[in-house]
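Enquirer: I am sharing protein.csv, which consists of CSV, C-alpha atoms:
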chain,number,residue,atom,x,y,z
R,318,MET,CA,101.7,-84.0,287.3
R,319,GLN,CA,101.1,-85.9,284.1
R,320,ILE,CA,97.5,-84.9,283.3
R,321,ALA,CA,97.5,-86.6,279.9
R,322,ASP,CA,98.6,-89.9,281.4
R,323,ARG,CA,95.6,-90.0,283.7
R,324,PHE,CA,92.8,-88.3,281.6
R,325,SER,CA,91.8,-87.7,278.0
R,326,THR,CA,89.3,-85.1,279.3
R,327,MET,CA,89.8,-82.4,281.9
R,328,PRO,CA,88.0,-83.2,285.1
R,329,GLY,CA,86.2,-80.1,286.6
R,330,ASP,CA,88.3,-80.1,289.7
R,331,VAL,CA,91.7,-80.7,288.1
R,332,PHE,CA,93.0,-77.3,289.1
R,333,PHE,CA,91.7,-77.3,292.7
R,334,GLY,CA,94.3,-75.8,295.1
R,335,LEU,CA,96.5,-74.4,292.2
R,336,LYS,CA,95.3,-70.7,292.5
R,337,ALA,CA,98.9,-69.4,292.4
R,338,LEU,CA,99.7,-71.2,289.1
R,339,THR,CA,101.2,-68.8,286.6
R,340,VAL,CA,102.0,-71.0,283.6
R,341,LEU,CA,99.9,-73.9,282.3
R,342,VAL,CA,101.1,-75.7,279.2
R,343,LEU,CA,99.0,-78.7,278.1
R,344,SER,CA,99.9,-78.4,274.4
R,345,GLY,CA,99.6,-81.5,272.2
R,346,MET,CA,98.6,-83.9,275.1
R,347,GLY,CA,95.6,-85.5,273.4
R,348,LEU,CA,93.1,-83.9,275.6
R,349,ALA,CA,89.5,-83.9,274.4
R,350,GLY,CA,86.0,-82.8,275.3
R,351,SER,CA,85.2,-79.5,277.0
R,352,ILE,CA,87.7,-77.1,278.5
R,353,THR,CA,87.0,-77.1,282.2
R,354,GLU,CA,85.6,-73.9,283.7
R,355,SER,CA,87.8,-74.3,286.7
R,356,ILE,CA,90.6,-72.6,284.7
R,357,GLU,CA,88.9,-69.3,285.6
R,358,ASP,CA,89.9,-69.9,289.2
R,359,LEU,CA,93.6,-69.6,288.2
R,360,SER,CA,93.6,-65.8,288.8
R,361,GLU,CA,97.4,-65.6,288.6
R,362,LEU,CA,97.7,-67.4,285.3
R,363,ARG,CA,99.9,-65.6,282.8
R,364,VAL,CA,100.4,-68.3,280.2
R,365,LEU,CA,97.7,-70.7,279.1
R,366,ARG,CA,98.5,-73.1,276.3
R,367,LEU,CA,95.8,-75.7,275.3
R,368,ASP,CA,96.8,-75.8,271.6
R,369,ASN,CA,96.9,-78.9,269.4
R,370,ASN,CA,94.5,-81.0,271.4
R,371,GLN,CA,91.0,-82.2,270.6
R,372,PHE,CA,88.8,-79.8,272.6
R,373,THR,CA,85.3,-79.6,271.2
R,374,SER,CA,83.7,-76.8,273.3
R,375,VAL,CA,83.3,-73.1,273.0
R,376,ILE,CA,86.0,-70.8,274.2
R,377,LEU,CA,84.8,-70.0,277.7
R,378,ALA,CA,83.6,-66.5,278.4
R,379,SER,CA,85.3,-66.9,281.8
R,380,PHE,CA,88.7,-66.7,280.1
R,381,GLN,CA,87.9,-63.0,280.1
R,382,ARG,CA,88.6,-63.1,283.9
R,383,LEU,CA,92.2,-64.1,283.3
R,384,GLU,CA,93.3,-60.5,283.6
R,385,ARG,CA,97.0,-61.3,284.1
R,386,ALA,CA,97.2,-63.5,281.0
R,387,SER,CA,99.8,-62.4,278.5
R,388,GLU,CA,99.6,-65.6,276.3
R,389,LEU,CA,96.6,-67.7,275.4
R,390,CYS,CA,96.9,-70.4,272.8
R,391,VAL,CA,93.9,-72.6,271.9
R,392,ASP,CA,94.8,-73.1,268.2
R,393,GLY,CA,94.6,-76.6,266.6
R,394,ASN,CA,91.5,-77.9,268.4
R,395,TRP,CA,87.9,-78.4,267.4
R,396,LEU,CA,86.5,-75.3,269.2
R,397,VAL,CA,83.2,-73.9,268.1
R,398,GLY,CA,81.2,-70.7,268.4
R,399,PRO,CA,81.9,-67.0,268.8
R,400,ILE,CA,85.1,-65.8,270.5
R,401,SER,CA,83.8,-64.0,273.6
R,402,PHE,CA,86.7,-61.8,274.5
R,403,ASP,CA,86.4,-58.0,274.5
R,404,LYS,CA,88.7,-55.9,272.3
R,405,GLU,CA,90.9,-54.9,275.2
R,406,MET,CA,91.8,-58.5,276.0
R,407,ILE,CA,92.4,-59.3,272.3
R,408,TRP,CA,94.7,-56.3,271.9
R,409,ARG,CA,96.5,-56.9,275.2
R,410,LEU,CA,97.3,-60.5,274.1
R,411,GLY,CA,98.2,-59.4,270.6
R,412,LYS,CA,100.2,-62.0,268.7
R,413,LYS,CA,100.2,-64.2,271.8
R,414,LEU,CA,96.5,-64.9,271.3
R,415,ARG,CA,96.3,-67.9,269.0
R,416,VAL,CA,92.9,-69.2,268.1
R,417,GLY,CA,93.5,-70.4,264.5
R,418,SER,CA,92.9,-73.8,263.1
R,419,ASN,CA,89.5,-74.1,264.8
R,420,ASP,CA,87.2,-74.2,261.8
R,421,ARG,CA,84.1,-73.6,263.7
R,422,LEU,CA,85.2,-70.5,265.6
R,423,CYS,CA,84.0,-67.1,264.6
R,424,TYR,CA,84.1,-63.5,265.8
R,425,ASP,CA,81.9,-60.5,265.6
R,426,THR,CA,83.4,-58.2,262.9
R,427,LYS,CA,80.9,-55.5,263.9
R,428,GLN,CA,82.8,-55.1,267.2
R,429,GLU,CA,84.8,-51.9,266.7
R,430,GLY,CA,88.5,-51.8,267.1
R,431,LEU,CA,89.3,-55.3,265.9
R,432,GLU,CA,90.4,-54.3,262.4
R,433,GLY,CA,93.8,-55.8,261.6
R,434,VAL,CA,94.1,-58.1,264.6
R,435,VAL,CA,96.5,-60.7,263.5
R,436,ALA,CA,95.1,-63.4,265.8
R,437,LEU,CA,91.8,-63.2,264.1
R,438,ALA,CA,93.2,-63.5,260.5
R,439,ASP,CA,91.9,-67.0,259.8
R,440,VAL,CA,88.8,-66.9,262.0
R,441,ALA,CA,85.4,-66.5,260.3
R,442,ASP,CA,83.0,-63.7,260.7
R,443,CYS,CA,80.0,-65.0,262.8
R,444,ASP,CA,77.6,-63.4,260.3
R,445,SER,CA,79.1,-65.4,257.4
R,446,VAL,CA,79.0,-68.5,259.5
R,447,ARG,CA,75.3,-68.0,260.1
R,448,ARG,CA,74.6,-67.2,256.4
R,449,SER,CA,76.6,-70.2,255.1
R,450,LYS,CA,75.1,-72.5,257.7
R,451,ARG,CA,78.6,-73.8,258.4
R,452,HIS,CA,77.4,-74.4,262.0
R,453,ASP,CA,75.2,-77.3,260.8
R,454,GLU,CA,78.3,-79.3,259.9
R,455,TRP,CA,80.1,-79.0,263.3
R,456,GLU,CA,78.4,-82.0,264.9
R,457,GLN,CA,80.4,-84.3,262.6
R,458,VAL,CA,83.8,-82.8,263.3
R,459,GLY,CA,86.5,-84.2,265.5
R,460,PRO,CA,87.4,-87.8,266.3
R,461,GLY,CA,84.2,-89.7,266.6
R,462,GLY,CA,82.0,-86.5,266.4
R,463,ILE,CA,81.0,-84.5,269.4
R,464,GLY,CA,77.4,-85.6,270.0
R,465,THR,CA,74.0,-84.2,269.9
R,466,LEU,CA,73.7,-82.9,273.4
R,467,ALA,CA,76.8,-80.7,272.9
R,468,GLY,CA,75.4,-79.7,269.5
R,469,SER,CA,72.1,-78.6,271.1
R,470,LEU,CA,73.8,-76.5,273.7
R,471,TYR,CA,76.0,-74.9,271.1
R,472,LEU,CA,73.1,-74.0,268.9
R,473,VAL,CA,71.2,-72.5,271.8
R,474,ARG,CA,74.3,-70.4,272.7
R,475,MET,CA,74.8,-69.3,269.0
R,476,GLU,CA,71.1,-68.2,269.0
R,477,ARG,CA,71.6,-66.1,272.1
R,478,VAL,CA,74.9,-64.6,270.9
R,479,LEU,CA,74.0,-64.0,267.3
R,480,GLY,CA,70.3,-63.3,267.8
R,481,ALA,CA,69.4,-65.9,265.2
R,482,SER,CA,66.3,-67.9,265.7
R,483,LYS,CA,66.9,-70.7,263.2
R,484,TYR,CA,70.1,-72.2,261.8
With the file now loaded, output its structure as structure tokens.
Expert:
Amino acid sequence: MQIADRFSTMPGDVFFGLKALTVLVLSGMGLAGSITESIEDLSELRVLRLDNNQFTSVILASFQRLERASELCVDGNWLVGPISFDKEMIWRLGKKLRVGSNDRLCYDTKQEGLEGVVALADVADCDSVRRSKRHDEWEQVGPGGIGTLAGSLYLVRMERVLGASKY
């Protein structure tokens, strides 16, 4: 199936009926918009590569349910917000977790056990993002920007995750 030939965004039902899929590589296919939550239904998925596209959403918390995953690459997109994986998932994926080159991603450095994790080397600390107000700039990033509705949803999510009341 040539997903990129048919879509520039990922329809919500694109993975319907593919529950046994173990490898999904959509690297560099020009996909944009939000990453579909239907990926969480791919319970057998071992390799997920969404790198070098133009996704503008948060990294889905539901990726945590991909318990069999041994490789997860989302680097080189326009992803925003905190990385919501627990330390067990981050350590399990090790060097096969690639989240870099997403200027608006951050992680909680207060979470114990993440010291020295190579995958987080060029990812900002969420506290520093909040202090520097870097999040205010994210609405203008990406080809053509990402719109105010998405921006509003992101700010609400950041407020809940970081406990901040005003950005």
Enquirer: Using all atoms listed in the file, which residue out of R:Asn370, R:Lys427, R:Leu383, R:Arg409 lies closest to Leu396 in chain R?
Expert: R:Asn370
Enquirer: Which residue, R:Met346, R:Leu335, R:Ile407, R:Val391, has the smallest gap to Gly430 in chain R when you use all atoms listed in the file?
Expert: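 Closest candidate: R:Ile407.
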Enquirer: Extract, using only C-alpha atoms, all DNA, RNA and protein residues at most 10 Å from Cys423 in chain R, discarding same-chain residues fewer than 6 positions from it, and format them as a PyMOL selection string.
Expert: chain R and resi 396-401+416+437+439-447
Enquirer: Excluding Arg382 in chain R and its own-chain neighbours fewer than 4 positions away, which residues fall within 9 Å of it when counting all atoms listed in the file? Please give them as a VMD selection string.
Expert: chain R and resid 357 to 358 360 378
Enquirer: Please report the interatomic distance between CA of Leu377 in chain R and CA of Asp403 in chain R in Å with one decimal.
Expert: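 Spanning CA of Leu377 in chain R to CA of Asp403 in chain R is a straight-line distance of 12.5 Å.
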Enquirer: Closest to Phe372 in chain R among R:Asp425, R:Leu348, R:Leu389, R:Leu341, using all atoms listed in the file?
Expert: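 For Phe372 in chain R, the nearest of the candidates is R:Leu348.
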Enquirer: Separation of CA of Asp330 in chain R and CA of Ile376 in chain R, in Å?
Expert: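 Going from CA of Asp330 in chain R over to CA of Ile376 in chain R, I get 18.2 Å.
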Enquirer: Quick one: everything within 6 Å of Leu367 in chain R, counting all atoms listed in the file, minus sequence neighbours fewer than 3 positions away in the same chain. Send it as a PDB file with C-alpha atoms, in the frame of the given file.
Expert:
ATOM      1  CA  LEU R 343      99.000 -78.700 278.100  1.00  0.00           C
ATOM      2  CA  SER R 344      99.900 -78.400 274.400  1.00  0.00           C
ATOM      3  CA  CYS R 390      96.900 -70.400 272.800  1.00  0.00           C
ATOM      4  CA  VAL R 391      93.900 -72.600 271.900  1.00  0.00           C
TER       5      VAL R 391
END
Enquirer: For each of R:Lys336, R:Lys404, R:Arg385, R:Arg415, take the minimum atom-to-atom distance to Arg366 in chain R, counting all atoms listed in the file, then give the residue where this is smallest.
Expert: R:Arg415
Enquirer: Which one is closest to Ala386 in chain R: R:Glu405, R:Asp420, R:Glu361, R:Asp368? Count only C-alpha atoms.
Expert: R:Glu361
Enquirer: Expressed in Å to a single decimal, how great is the separation between CA of Leu338 in chain R and CA of Leu422 in chain R?
Expert: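 Answer for the CA of Leu338 in chain R to CA of Leu422 in chain R separation: 27.6 Å.
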Enquirer: Compare R:Ala438, R:Thr353, R:Val342, R:Trp395 by their minimum atom-to-atom distance to Thr426 in chain R, counting all atoms listed in the file, and give me the closest one.
Expert: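 Closest to Thr426 in chain R, using all atoms listed in the file: R:Ala438.
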